>>> print(open('coords14.cif').read())   # mmCIF, C-alpha atoms and all ligand atoms
data_run
loop_
_atom_site.label_atom_id
_atom_site.label_comp_id
_atom_site.auth_asym_id
_atom_site.auth_seq_id
_atom_site.Cartn_x
_atom_site.Cartn_y
_atom_site.Cartn_z
CA MET A 1 19.85 -4.87 -2.88
CA THR A 2 19.03 -1.91 -0.63
CA PHE A 3 15.77 -0.19 -1.45
CA ASP A 4 16.39 3.16 -3.12
CA VAL A 5 13.22 4.67 -4.53
CA ASN A 6 15.10 7.07 -6.81
CA GLN A 7 17.05 4.22 -8.31
CA ILE A 8 13.79 2.32 -8.82
CA ARG A 9 12.10 5.30 -10.44
CA ALA A 10 14.94 5.47 -12.98
CA ASP A 11 13.83 2.03 -14.22
CA PHE A 12 10.39 3.34 -15.28
CA PRO A 13 10.34 5.42 -18.49
CA VAL A 14 6.80 6.76 -17.93
CA LEU A 15 7.83 8.26 -14.60
CA GLN A 16 10.41 10.40 -16.41
CA ARG A 17 7.84 12.13 -18.61
CA GLU A 18 5.93 15.35 -18.32
CA VAL A 19 2.20 15.30 -19.08
CA ARG A 20 2.51 18.90 -20.31
CA PRO A 21 5.63 21.05 -20.62
CA GLY A 22 6.94 21.65 -17.12
CA VAL A 23 4.39 19.31 -15.49
CA PRO A 24 5.91 15.96 -14.50
CA VAL A 25 3.56 13.02 -14.11
CA VAL A 26 2.62 12.11 -10.54
CA TYR A 27 1.32 8.61 -11.10
CA LEU A 28 -1.01 7.63 -8.26
CA ASP A 29 -3.12 5.06 -10.11
CA SER A 30 -1.15 1.82 -9.82
CA THR A 31 -4.19 -0.01 -8.45
CA ALA A 32 -5.73 0.36 -11.92
CA THR A 33 -2.49 -0.59 -13.66
CA ALA A 34 1.18 -0.37 -12.75
CA GLN A 35 3.93 1.26 -14.81
CA LYS A 36 6.43 -1.00 -16.56
CA PRO A 37 10.18 -1.10 -15.91
CA LEU A 38 12.71 -1.19 -18.75
CA ALA A 39 13.55 -4.81 -17.92
CA VAL A 40 10.01 -5.84 -18.89
CA LEU A 41 9.91 -3.69 -22.03
CA GLN A 42 13.29 -4.99 -23.12
CA ALA A 43 12.40 -8.64 -22.53
CA MET A 44 9.32 -8.27 -24.73
CA GLU A 45 11.18 -6.38 -27.44
CA GLU A 46 14.02 -8.91 -27.38
CA TYR A 47 11.49 -11.71 -27.80
CA TYR A 48 9.98 -10.07 -30.89
CA ARG A 49 13.36 -9.07 -32.32
CA ARG A 50 15.04 -12.48 -31.87
CA SER A 51 12.72 -15.37 -31.20
CA ASN A 52 9.20 -14.62 -32.44
CA ALA A 53 7.42 -17.81 -33.54
CA ASN A 54 4.34 -19.74 -32.54
CA ILE A 55 4.85 -22.04 -29.58
CA HIS A 56 4.43 -25.82 -29.24
CA ARG A 57 3.93 -26.10 -32.98
CA GLY A 58 7.22 -26.13 -34.81
CA VAL A 59 10.46 -28.06 -34.66
CA HIS A 60 12.40 -25.13 -36.04
CA THR A 61 14.80 -23.15 -33.87
CA LEU A 62 12.65 -20.06 -33.44
CA ALA A 63 9.61 -22.11 -32.40
CA GLU A 64 11.73 -23.98 -29.88
CA GLU A 65 13.13 -20.75 -28.48
CA ALA A 66 9.70 -19.16 -28.25
CA THR A 67 8.31 -22.24 -26.50
CA ALA A 68 11.25 -22.31 -24.08
CA LEU A 69 10.81 -18.62 -23.23
CA TYR A 70 7.06 -19.07 -22.74
CA GLU A 71 7.59 -22.05 -20.43
CA GLN A 72 10.52 -20.46 -18.56
CA ALA A 73 8.22 -17.57 -17.74
CA ARG A 74 5.74 -20.06 -16.29
CA GLU A 75 8.52 -21.43 -14.05
CA LYS A 76 9.32 -17.91 -12.85
CA ILE A 77 5.68 -17.26 -12.01
CA ALA A 78 5.43 -20.59 -10.17
CA ARG A 79 8.46 -19.63 -8.05
CA PHE A 80 7.05 -16.15 -7.48
CA ILE A 81 3.91 -17.53 -5.79
CA ASN A 82 5.66 -20.69 -4.49
CA ALA A 83 3.48 -23.06 -6.53
CA PRO A 84 4.54 -26.71 -6.15
CA SER A 85 4.73 -27.06 -9.94
CA SER A 86 4.50 -24.82 -13.02
CA ARG A 87 1.81 -27.23 -14.34
CA GLN A 88 -0.46 -25.47 -11.87
CA VAL A 89 0.12 -22.04 -13.44
CA ILE A 90 -2.48 -21.44 -16.17
CA TYR A 91 -2.10 -18.39 -18.38
CA THR A 92 -5.29 -16.38 -18.80
CA ARG A 93 -5.93 -12.86 -20.10
CA ASN A 94 -6.27 -11.30 -16.65
CA THR A 95 -7.74 -11.81 -13.18
CA THR A 96 -11.24 -11.54 -14.60
CA GLU A 97 -10.70 -14.40 -17.02
CA ALA A 98 -9.02 -16.52 -14.33
CA ILE A 99 -12.08 -16.14 -12.07
CA ASN A 100 -14.41 -16.88 -14.99
CA LEU A 101 -12.39 -20.02 -15.75
CA VAL A 102 -13.13 -21.28 -12.23
CA ALA A 103 -16.78 -20.27 -12.59
CA TYR A 104 -17.13 -22.14 -15.91
CA SER A 105 -14.97 -25.20 -15.40
CA TRP A 106 -15.00 -25.91 -11.69
CA ALA A 107 -18.28 -24.36 -10.55
CA ARG A 108 -20.42 -25.56 -13.47
CA THR A 109 -19.19 -29.09 -12.74
CA HIS A 110 -19.64 -28.99 -8.99
CA LEU A 111 -22.46 -26.56 -8.15
CA SER A 112 -26.19 -26.99 -8.57
CA ALA A 113 -29.38 -25.27 -7.44
CA GLY A 114 -29.33 -24.27 -3.80
CA ASP A 115 -25.56 -24.61 -3.37
CA LEU A 116 -24.01 -21.75 -1.44
CA VAL A 117 -21.12 -19.53 -2.58
CA ILE A 118 -19.76 -17.06 -0.03
CA LEU A 119 -18.33 -13.77 -1.33
CA THR A 120 -17.67 -10.48 0.46
CA GLU A 121 -19.19 -7.02 0.19
CA MET A 122 -15.84 -5.60 -0.94
CA GLU A 123 -15.46 -7.62 -4.15
CA HIS A 124 -14.49 -6.15 -7.49
CA HIS A 125 -17.20 -6.76 -10.10
CA SER A 126 -15.01 -9.47 -11.61
CA ASN A 127 -15.58 -11.60 -8.51
CA LEU A 128 -19.30 -10.80 -8.36
CA VAL A 129 -20.75 -10.94 -11.86
CA PRO A 130 -19.50 -14.46 -12.77
CA TRP A 131 -21.34 -15.71 -9.67
CA HIS A 132 -24.46 -13.66 -10.48
CA MET A 133 -24.45 -15.33 -13.89
CA LEU A 134 -24.20 -18.74 -12.26
CA ALA A 135 -26.98 -17.83 -9.83
CA MET A 136 -29.24 -16.95 -12.77
CA GLU A 137 -28.28 -20.04 -14.72
CA ARG A 138 -28.14 -22.62 -11.92
CA GLY A 139 -29.95 -21.15 -8.96
CA ILE A 140 -26.88 -21.20 -6.71
CA ARG A 141 -27.18 -19.03 -3.58
CA LEU A 142 -24.85 -16.14 -2.77
CA GLU A 143 -24.08 -14.82 0.71
CA PHE A 144 -21.69 -12.05 1.57
CA ILE A 145 -19.26 -11.50 4.42
CA PRO A 146 -20.21 -7.98 5.55
CA VAL A 147 -17.76 -5.09 5.65
CA THR A 148 -17.69 -3.15 8.93
CA GLU A 149 -17.76 0.65 9.15
CA SER A 150 -13.99 0.62 9.59
CA GLY A 151 -13.57 -1.37 6.37
CA LEU A 152 -12.73 -4.81 7.79
CA LEU A 153 -14.50 -8.11 7.11
CA ASP A 154 -16.93 -9.18 9.81
CA LEU A 155 -15.50 -12.60 10.57
CA GLU A 156 -18.12 -13.40 13.21
CA THR A 157 -20.82 -13.33 10.52
CA TYR A 158 -18.49 -15.35 8.27
CA ARG A 159 -18.29 -18.10 10.91
CA GLN A 160 -22.10 -18.18 11.06
CA LEU A 161 -22.38 -18.37 7.27
CA LEU A 162 -20.00 -21.33 7.28
CA GLU A 163 -22.58 -23.31 9.26
CA GLN A 164 -24.65 -23.40 6.04
CA ALA A 165 -21.98 -25.63 4.44
CA PRO A 166 -20.88 -23.45 1.48
CA LYS A 167 -19.31 -25.12 -1.55
CA LEU A 168 -17.03 -22.18 -2.36
CA VAL A 169 -15.59 -19.15 -0.55
CA ALA A 170 -14.30 -16.60 -3.09
CA PHE A 171 -12.82 -13.35 -1.80
CA THR A 172 -10.33 -10.61 -2.49
CA HIS A 173 -6.97 -10.67 -0.72
CA MET A 174 -6.88 -6.88 -0.78
CA SER A 175 -9.66 -4.40 -1.53
CA ASN A 176 -8.98 -2.11 -4.50
CA VAL A 177 -10.97 0.65 -2.78
CA LEU A 178 -10.54 0.33 0.97
CA GLY A 179 -7.05 -1.14 0.71
CA THR A 180 -8.01 -3.66 3.39
CA ILE A 181 -5.68 -6.66 3.50
CA ASN A 182 -7.92 -9.54 4.47
CA PRO A 183 -6.72 -12.34 6.79
CA ALA A 184 -6.61 -14.83 3.92
CA GLU A 185 -4.96 -17.65 5.81
CA GLU A 186 -7.65 -17.65 8.50
CA ILE A 187 -10.52 -17.28 6.00
CA ILE A 188 -9.16 -20.20 3.97
CA ARG A 189 -8.57 -22.41 7.03
CA LEU A 190 -12.14 -21.84 8.25
CA ALA A 191 -13.52 -22.47 4.76
CA HIS A 192 -11.66 -25.77 4.53
CA GLN A 193 -12.92 -26.81 7.97
CA ALA A 194 -16.43 -26.24 6.62
CA GLY A 195 -15.64 -28.34 3.52
CA ALA A 196 -15.54 -25.45 1.03
CA VAL A 197 -13.15 -24.81 -1.83
CA THR A 198 -11.44 -21.39 -1.82
CA LEU A 199 -10.73 -18.86 -4.56
CA LEU A 200 -8.51 -15.90 -3.76
CA ASP A 201 -8.59 -12.77 -5.93
CA GLY A 202 -4.94 -11.76 -5.80
CA ALA A 203 -5.18 -8.86 -8.27
CA GLN A 204 -4.13 -6.40 -5.56
CA SER A 205 -2.03 -8.65 -3.34
CA VAL A 206 0.35 -10.57 -5.62
CA PRO A 207 1.86 -7.30 -6.96
CA HIS A 208 2.37 -5.77 -3.53
CA PHE A 209 3.50 -8.36 -1.00
CA ALA A 210 4.78 -11.93 -0.96
CA VAL A 211 1.92 -14.36 -1.62
CA ASP A 212 2.73 -18.03 -0.97
CA VAL A 213 0.02 -20.36 -2.27
CA GLN A 214 1.31 -23.29 -0.21
CA ALA A 215 1.48 -21.35 3.06
CA LEU A 216 -2.05 -20.05 2.39
CA ASP A 217 -3.21 -23.53 1.33
CA VAL A 218 -5.47 -21.76 -1.17
CA ASP A 219 -7.25 -23.82 -3.84
CA PHE A 220 -7.35 -21.18 -6.59
CA LEU A 221 -5.52 -17.86 -6.95
CA ALA A 222 -6.21 -15.32 -9.71
CA PHE A 223 -4.05 -12.32 -10.65
CA SER A 224 -3.11 -9.97 -13.51
CA ALA A 225 0.33 -9.18 -14.94
CA HIS A 226 -0.47 -5.55 -15.66
CA LYS A 227 -0.85 -4.66 -11.98
CA MET A 228 2.59 -6.14 -11.16
CA CYS A 229 4.76 -4.20 -13.62
CA GLY A 230 4.00 -6.66 -16.42
CA PRO A 231 2.08 -6.15 -19.67
CA THR A 232 -1.67 -6.08 -20.22
CA GLY A 233 -3.29 -9.08 -21.91
CA ILE A 234 -2.00 -11.77 -19.58
CA GLY A 235 -2.96 -13.06 -16.15
CA VAL A 236 -2.76 -16.25 -14.16
CA LEU A 237 -4.93 -18.86 -12.58
CA TYR A 238 -3.08 -21.00 -10.06
CA GLY A 239 -4.93 -24.09 -8.84
CA LYS A 240 -4.31 -27.19 -6.77
CA ALA A 241 -3.33 -30.00 -9.11
CA ASP A 242 -6.14 -32.42 -8.21
CA LEU A 243 -8.79 -29.75 -8.76
CA LEU A 244 -7.33 -28.64 -12.11
CA GLU A 245 -6.92 -32.25 -13.25
CA ALA A 246 -10.57 -32.97 -12.58
CA MET A 247 -11.88 -29.84 -14.32
CA PRO A 248 -13.15 -29.92 -17.91
CA PRO A 249 -11.51 -27.52 -20.39
CA PHE A 250 -12.80 -23.94 -20.53
CA LEU A 251 -12.20 -23.00 -24.19
CA GLY A 252 -11.81 -25.50 -27.01
CA GLY A 253 -9.34 -25.25 -29.87
CA GLY A 254 -5.70 -25.77 -30.75
CA ASP A 255 -3.10 -26.69 -28.13
CA MET A 256 -5.62 -27.69 -25.46
CA ILE A 257 -6.05 -31.15 -27.01
CA ARG A 258 -4.02 -34.35 -27.04
CA GLU A 259 -5.99 -35.91 -29.87
CA VAL A 260 -8.89 -34.84 -32.06
CA LYS A 261 -11.20 -37.05 -34.14
CA LEU A 262 -14.00 -35.76 -36.31
CA ARG A 263 -16.48 -36.37 -33.52
CA ALA A 264 -14.40 -36.38 -30.36
CA PHE A 265 -11.31 -35.02 -28.63
CA LYS A 266 -9.05 -35.89 -25.72
CA PRO A 267 -7.93 -32.91 -23.66
CA ASN A 268 -4.25 -32.15 -23.19
CA THR A 269 -2.48 -32.42 -19.85
CA LEU A 270 -1.99 -29.48 -17.46
CA PRO A 271 -1.43 -26.63 -17.98
CA HIS A 272 -2.14 -26.79 -21.73
CA LYS A 273 -5.65 -28.15 -21.23
CA PHE A 274 -6.74 -24.61 -20.33
CA GLU A 275 -4.74 -22.72 -22.94
CA ALA A 276 -6.62 -22.94 -26.24
CA GLY A 277 -5.28 -21.11 -29.27
CA THR A 278 -2.16 -19.01 -29.75
CA PRO A 279 -1.53 -17.36 -26.40
CA ALA A 280 0.00 -14.02 -25.42
CA ILE A 281 3.60 -15.19 -25.85
CA ALA A 282 5.49 -11.91 -25.61
CA GLU A 283 3.26 -10.96 -22.69
CA ALA A 284 4.17 -14.18 -20.88
CA VAL A 285 7.83 -13.33 -21.39
CA GLY A 286 7.11 -9.84 -20.03
CA LEU A 287 5.35 -11.27 -16.99
CA GLY A 288 8.32 -13.55 -16.33
CA ALA A 289 10.60 -10.49 -16.48
CA ALA A 290 8.27 -8.64 -14.09
CA CYS A 291 8.55 -11.52 -11.59
CA ASP A 292 12.36 -11.32 -11.86
CA TYR A 293 12.28 -7.55 -11.41
CA LEU A 294 10.03 -7.63 -8.33
CA THR A 295 12.03 -10.50 -6.84
CA ASP A 296 15.30 -8.60 -7.34
CA VAL A 297 13.90 -5.54 -5.57
CA GLY A 298 12.41 -7.82 -2.92
CA MET A 299 8.72 -8.23 -2.13
CA ASP A 300 9.25 -7.53 1.57
CA ALA A 301 11.12 -4.31 0.77
CA ILE A 302 8.31 -3.28 -1.61
CA ALA A 303 5.66 -3.97 1.03
CA ALA A 304 7.62 -2.02 3.66
CA HIS A 305 8.08 0.95 1.32
CA GLU A 306 4.39 1.03 0.39
CA HIS A 307 3.42 0.80 4.04
CA GLU A 308 5.57 3.82 4.86
CA ILE A 309 4.13 5.86 1.96
CA THR A 310 0.55 4.84 2.79
CA ALA A 311 0.87 5.66 6.49
CA TYR A 312 2.30 9.06 5.55
CA ALA A 313 -0.46 9.67 2.97
CA LEU A 314 -3.25 8.78 5.41
CA GLU A 315 -1.77 11.08 8.04
CA ARG A 316 -1.46 14.02 5.62
CA LEU A 317 -4.87 13.48 3.98
CA GLU A 318 -6.63 13.22 7.34
CA GLU A 319 -5.42 16.73 8.22
CA ILE A 320 -7.31 18.27 5.29
CA PRO A 321 -10.68 19.67 6.40
CA GLY A 322 -13.51 18.10 4.36
CA VAL A 323 -11.56 14.99 3.35
CA LYS A 324 -13.15 11.71 4.39
CA LEU A 325 -11.02 8.60 4.02
CA PHE A 326 -12.47 5.13 3.52
CA GLY A 327 -10.98 1.90 4.78
CA PRO A 328 -9.05 0.78 7.84
CA SER A 329 -5.97 2.28 9.49
CA ALA A 330 -2.57 1.82 7.88
CA GLU A 331 -1.75 -1.38 9.79
CA HIS A 332 -4.54 -3.32 7.99
CA LYS A 333 -4.07 -1.63 4.68
CA GLY A 334 -2.13 -1.76 1.43
CA GLY A 335 -1.25 1.25 -0.73
CA VAL A 336 -4.70 2.64 -1.44
CA ALA A 337 -6.29 5.89 -0.23
CA ALA A 338 -9.90 6.34 -1.38
CA PHE A 339 -11.55 9.54 -0.23
CA THR A 340 -14.31 12.05 -0.74
CA LEU A 341 -13.96 15.82 -0.47
CA GLU A 342 -16.99 17.57 0.99
CA GLY A 343 -19.00 19.48 -1.60
CA VAL A 344 -16.90 18.39 -4.62
CA HIS A 345 -17.66 15.51 -6.97
CA PRO A 346 -14.87 12.91 -7.04
CA HIS A 347 -14.55 13.31 -10.82
CA ASP A 348 -13.98 17.06 -10.41
CA VAL A 349 -11.29 16.33 -7.83
CA ALA A 350 -9.53 14.01 -10.28
CA GLN A 351 -9.88 16.46 -13.15
CA ILE A 352 -8.39 19.37 -11.25
CA LEU A 353 -5.56 17.21 -9.91
CA ASP A 354 -4.80 16.22 -13.50
CA GLN A 355 -4.02 19.86 -14.31
CA ASP A 356 -0.96 19.41 -12.09
CA GLY A 357 -0.11 16.04 -13.61
CA ILE A 358 -1.51 14.11 -10.66
CA ALA A 359 -3.13 10.89 -11.86
CA VAL A 360 -5.81 9.50 -9.54
CA ARG A 361 -8.89 7.50 -10.44
CA ALA A 362 -12.44 8.61 -9.66
CA GLY A 363 -15.60 6.53 -9.76
CA HIS A 364 -16.87 3.35 -8.16
CA HIS A 365 -13.69 1.46 -9.17
CA CYS A 366 -15.77 -1.57 -10.26
CA ALA A 367 -16.92 -2.03 -6.67
CA GLN A 368 -20.39 -0.52 -6.83
CA PRO A 369 -21.95 -2.56 -4.00
CA LEU A 370 -19.15 -1.46 -1.68
CA HIS A 371 -19.80 2.20 -2.47
CA GLU A 372 -23.53 1.65 -1.90
CA LYS A 373 -22.70 0.18 1.47
CA PHE A 374 -20.98 3.46 2.39
CA HIS A 375 -23.86 5.47 0.82
CA ILE A 376 -21.67 7.19 -1.76
CA PRO A 377 -21.74 6.94 -5.55
CA ALA A 378 -18.03 7.39 -6.02
CA THR A 379 -14.65 8.16 -4.46
CA SER A 380 -11.38 9.65 -5.62
CA ARG A 381 -8.58 7.16 -5.17
CA ALA A 382 -4.83 7.60 -4.91
CA SER A 383 -2.78 4.43 -4.93
CA PHE A 384 0.88 3.69 -4.38
CA TYR A 385 3.52 1.25 -5.54
CA LEU A 386 7.23 0.62 -5.21
CA TYR A 387 8.06 3.81 -7.13
CA SER A 388 5.79 6.17 -5.14
CA THR A 389 7.38 8.89 -3.00
CA LYS A 390 6.45 11.16 -0.09
CA GLU A 391 7.03 14.12 -2.41
CA GLU A 392 4.25 12.78 -4.63
CA VAL A 393 1.98 12.51 -1.59
CA ASP A 394 2.82 16.13 -0.76
CA LYS A 395 1.87 17.14 -4.31
CA LEU A 396 -1.43 15.30 -3.92
CA VAL A 397 -2.14 17.13 -0.67
CA GLN A 398 -1.28 20.51 -2.24
CA GLY A 399 -3.49 19.60 -5.18
CA ILE A 400 -6.46 18.85 -2.92
CA TYR A 401 -6.03 22.25 -1.23
CA LYS A 402 -6.11 23.77 -4.70
CA VAL A 403 -9.37 21.92 -5.46
CA LYS A 404 -10.86 23.28 -2.22
CA LYS A 405 -9.86 26.83 -3.15
CA TYR A 406 -11.27 26.42 -6.64
CA PHE A 407 -14.65 25.30 -5.27
CA GLY A 408 -14.64 27.98 -2.60
N1 LIG A 501 -9.94 -7.89 -8.61
C1 LIG A 501 -9.49 -6.80 -8.00
C2 LIG A 501 -9.39 -6.76 -6.51
C3 LIG A 501 -9.12 -5.70 -8.77
O1 LIG A 501 -8.67 -4.60 -8.16
C4 LIG A 501 -9.23 -5.75 -10.17
C5 LIG A 501 -8.90 -4.60 -11.05
C6 LIG A 501 -9.69 -6.95 -10.75
C7 LIG A 501 -10.04 -7.99 -9.93
C8 LIG A 501 -9.80 -7.14 -12.22
O2 LIG A 501 -8.55 -7.16 -12.81
P1 LIG A 501 -8.43 -7.28 -14.40
O3 LIG A 501 -6.96 -7.20 -14.64
O4 LIG A 501 -9.04 -8.57 -14.77
O5 LIG A 501 -9.16 -6.12 -14.96
N2 LIG A 501 -9.03 -3.35 -10.43
C9 LIG A 501 -9.00 -2.14 -11.03
C10 LIG A 501 -9.08 -0.95 -10.32
O6 LIG A 501 -9.17 -0.87 -9.11
N3 LIG A 501 -9.05 0.07 -11.19
O7 LIG A 501 -8.94 -0.43 -12.41
C11 LIG A 501 -8.91 -1.80 -12.33
#
>>> encode(input="coords14.cif", output="structure tokens")
Amino acid sequence: MTFDVNQIRADFPVLQREVRPGVPVVYLDSTATAQKPLAVLQAMEEYYRRSNANIHRGVHTLAEEATALYEQAREKIARFINAPSSRQVIYTRNTTEAINLVAYSWARTHLSAGDLVILTEMEHHSNLVPWHMLAMERGIRLEFIPVTESGLLDLETYRQLLEQAPKLVAFTHMSNVLGTINPAEEIIRLAHQAGAVTLLDGAQSVPHFAVDVQALDVDFLAFSAHKMCGPTGIGVLYGKADLLEAMPPFLGGGDMIREVKLRAFKPNTLPHKFEAGTPAIAEAVGLGAACDYLTDVGMDAIAAHEHEITAYALERLEEIPGVKLFGPSAEHKGGVAAFTLEGVHPHDVAQILDQDGIAVRAGHHCAQPLHEKFHIPATSRASFYLYSTKEEVDKLVQGIYKVKKYFG
């Protein structure tokens, strides 16, 4: 399939709407959540219209269909990230829950007072707070790979930190603020040489470029469906089989057991051991459809398109007097442009852009320590996906000039 952005846009109902009469939406907030193509909406509707039943619990036809659809989606996800087996794909609610699962099940089994966990200064709160909680509870130590002025990880300091024999290196594949794409393969290889387990936050990478868990040799990978054209309410934890096998369950309840006595239980096998209670079945089906959709378009084509849009956006934004961009140059960066505009609060920028239908996010984007590092409370952030166009970038640039005029 050749990449035609107009054809792609036609797949997304939200992109056809106007936010007010005569004002079409210019959706530049895909880093927060992506829009959903018809294929995903239809798969979920079809599931509810035809096959709705609880999974793994009935012998009747609908229950068997629902179970098959739920498990077929798991196979699709496994193929999407090149997991050796779908047993290693655990459904969670989102990236946040996937990281917390590792923090509860793996880390609370393996880490004790004084053990070192290495994170980075560019983490989303969801890969900081679970470790803060463990530090308070267990006295584990946290160290951070610094972020340089240009928005890259300081790998020299990382190598030094590795000499302290960390137990875990947990880091984001791509920053949701700077857009930095981190050299995951190298970070993981060095971590393994130092004897550490690795956790990759793929919330911003899995949706945007091909992520191959076997090529990366990563131990755990966390991501969310809603950022990859799928529904909210479902995410994934991928893990290496031996690690997952050895981990105790996270939540207890139905489906995660093989046998229950009044005073004891035996946990189920993978992946069910980590999926207690009735899961998000329609959402799993939607995520499977999202994997199909992205695969059909082609992850390399998506990455190339986003790179072109991002390079263009950075070039145009840089020309605007008073705009300061954060993060590295386009070659190290995914589709994110976070910026400040001299003399105007980022929230005001976003609010005025909204008058013209331009959706950007303003705030600390759940990366407060990163903003502190750059001595700013907040940024405005435009972000791009497979359906973004240069015309939308032009509208953003015009909008920023309008903000400047408004604030004199
Ligand atoms: N990790 C990264 C790198 C993220 O960007 C996000 C969400 C998360 C984890 C958490 O994902 P969740 O699905 O569990 O919420 N980032 C953003 C954002 O940048 N704006 O809104 C959500």
>>> residues_around(input="coords14.cif", residues="segment 248-265 of chain A", least_positions_apart="2", cutoff="9 Å", atoms="only C-alpha atoms", output="tab-separated table (two decimals) with C-alpha atoms, in the frame of the given file")
chain	number	residue	atom	x	y	z
A	56	HIS	CA	4.43	-25.82	-29.24
A	57	ARG	CA	3.93	-26.10	-32.98
A	101	LEU	CA	-12.39	-20.02	-15.75
A	102	VAL	CA	-13.13	-21.28	-12.23
A	104	TYR	CA	-17.13	-22.14	-15.91
A	105	SER	CA	-14.97	-25.20	-15.40
A	106	TRP	CA	-15.00	-25.91	-11.69
A	109	THR	CA	-19.19	-29.09	-12.74
A	244	LEU	CA	-7.33	-28.64	-12.11
A	245	GLU	CA	-6.92	-32.25	-13.25
A	246	ALA	CA	-10.57	-32.97	-12.58
A	267	PRO	CA	-7.93	-32.91	-23.66
A	268	ASN	CA	-4.25	-32.15	-23.19
A	269	THR	CA	-2.48	-32.42	-19.85
A	270	LEU	CA	-1.99	-29.48	-17.46
A	271	PRO	CA	-1.43	-26.63	-17.98
A	272	HIS	CA	-2.14	-26.79	-21.73
A	273	LYS	CA	-5.65	-28.15	-21.23
A	274	PHE	CA	-6.74	-24.61	-20.33
A	275	GLU	CA	-4.74	-22.72	-22.94
A	276	ALA	CA	-6.62	-22.94	-26.24
A	277	GLY	CA	-5.28	-21.11	-29.27
A	278	THR	CA	-2.16	-19.01	-29.75
>>> closest_residue(input="coords14.cif", among="A:Arg20, A:Tyr47, A:Pro84, A:Ser175", to="Ala68 of chain A", atoms="all atoms listed in the file")
A:Tyr47
>>> residues_near_ligand(input="coords14.cif", ligand="ligand LIG 501 (chain A)", cutoff="7 Å", atoms="only C-alpha atoms and all ligand atoms", output="list in words")
Thr31, Ala32, Thr33, Asn94, Thr95, Thr96, Glu97, Glu123, His124, Ser126, Asn127, Thr172, Met174, Ser175, Asn176, Val177, Asp201, Gly202, Ala203, Gln204, Ser224, His226, His365 and Cys366 of chain A
>>> closest_residue(input="coords14.cif", among="A:Arg9, A:Lys404, A:Lys266, A:Arg74", to="Gly286 of chain A", atoms="all atoms listed in the file")
A:Arg74
>>> residues_around(input="coords14.cif", residues="Lys405 of chain A", least_positions_apart="5", cutoff="12 Å", atoms="only C-alpha atoms", output="PyMOL selection string")
chain A and resi 321+343-344+349+352+398-400
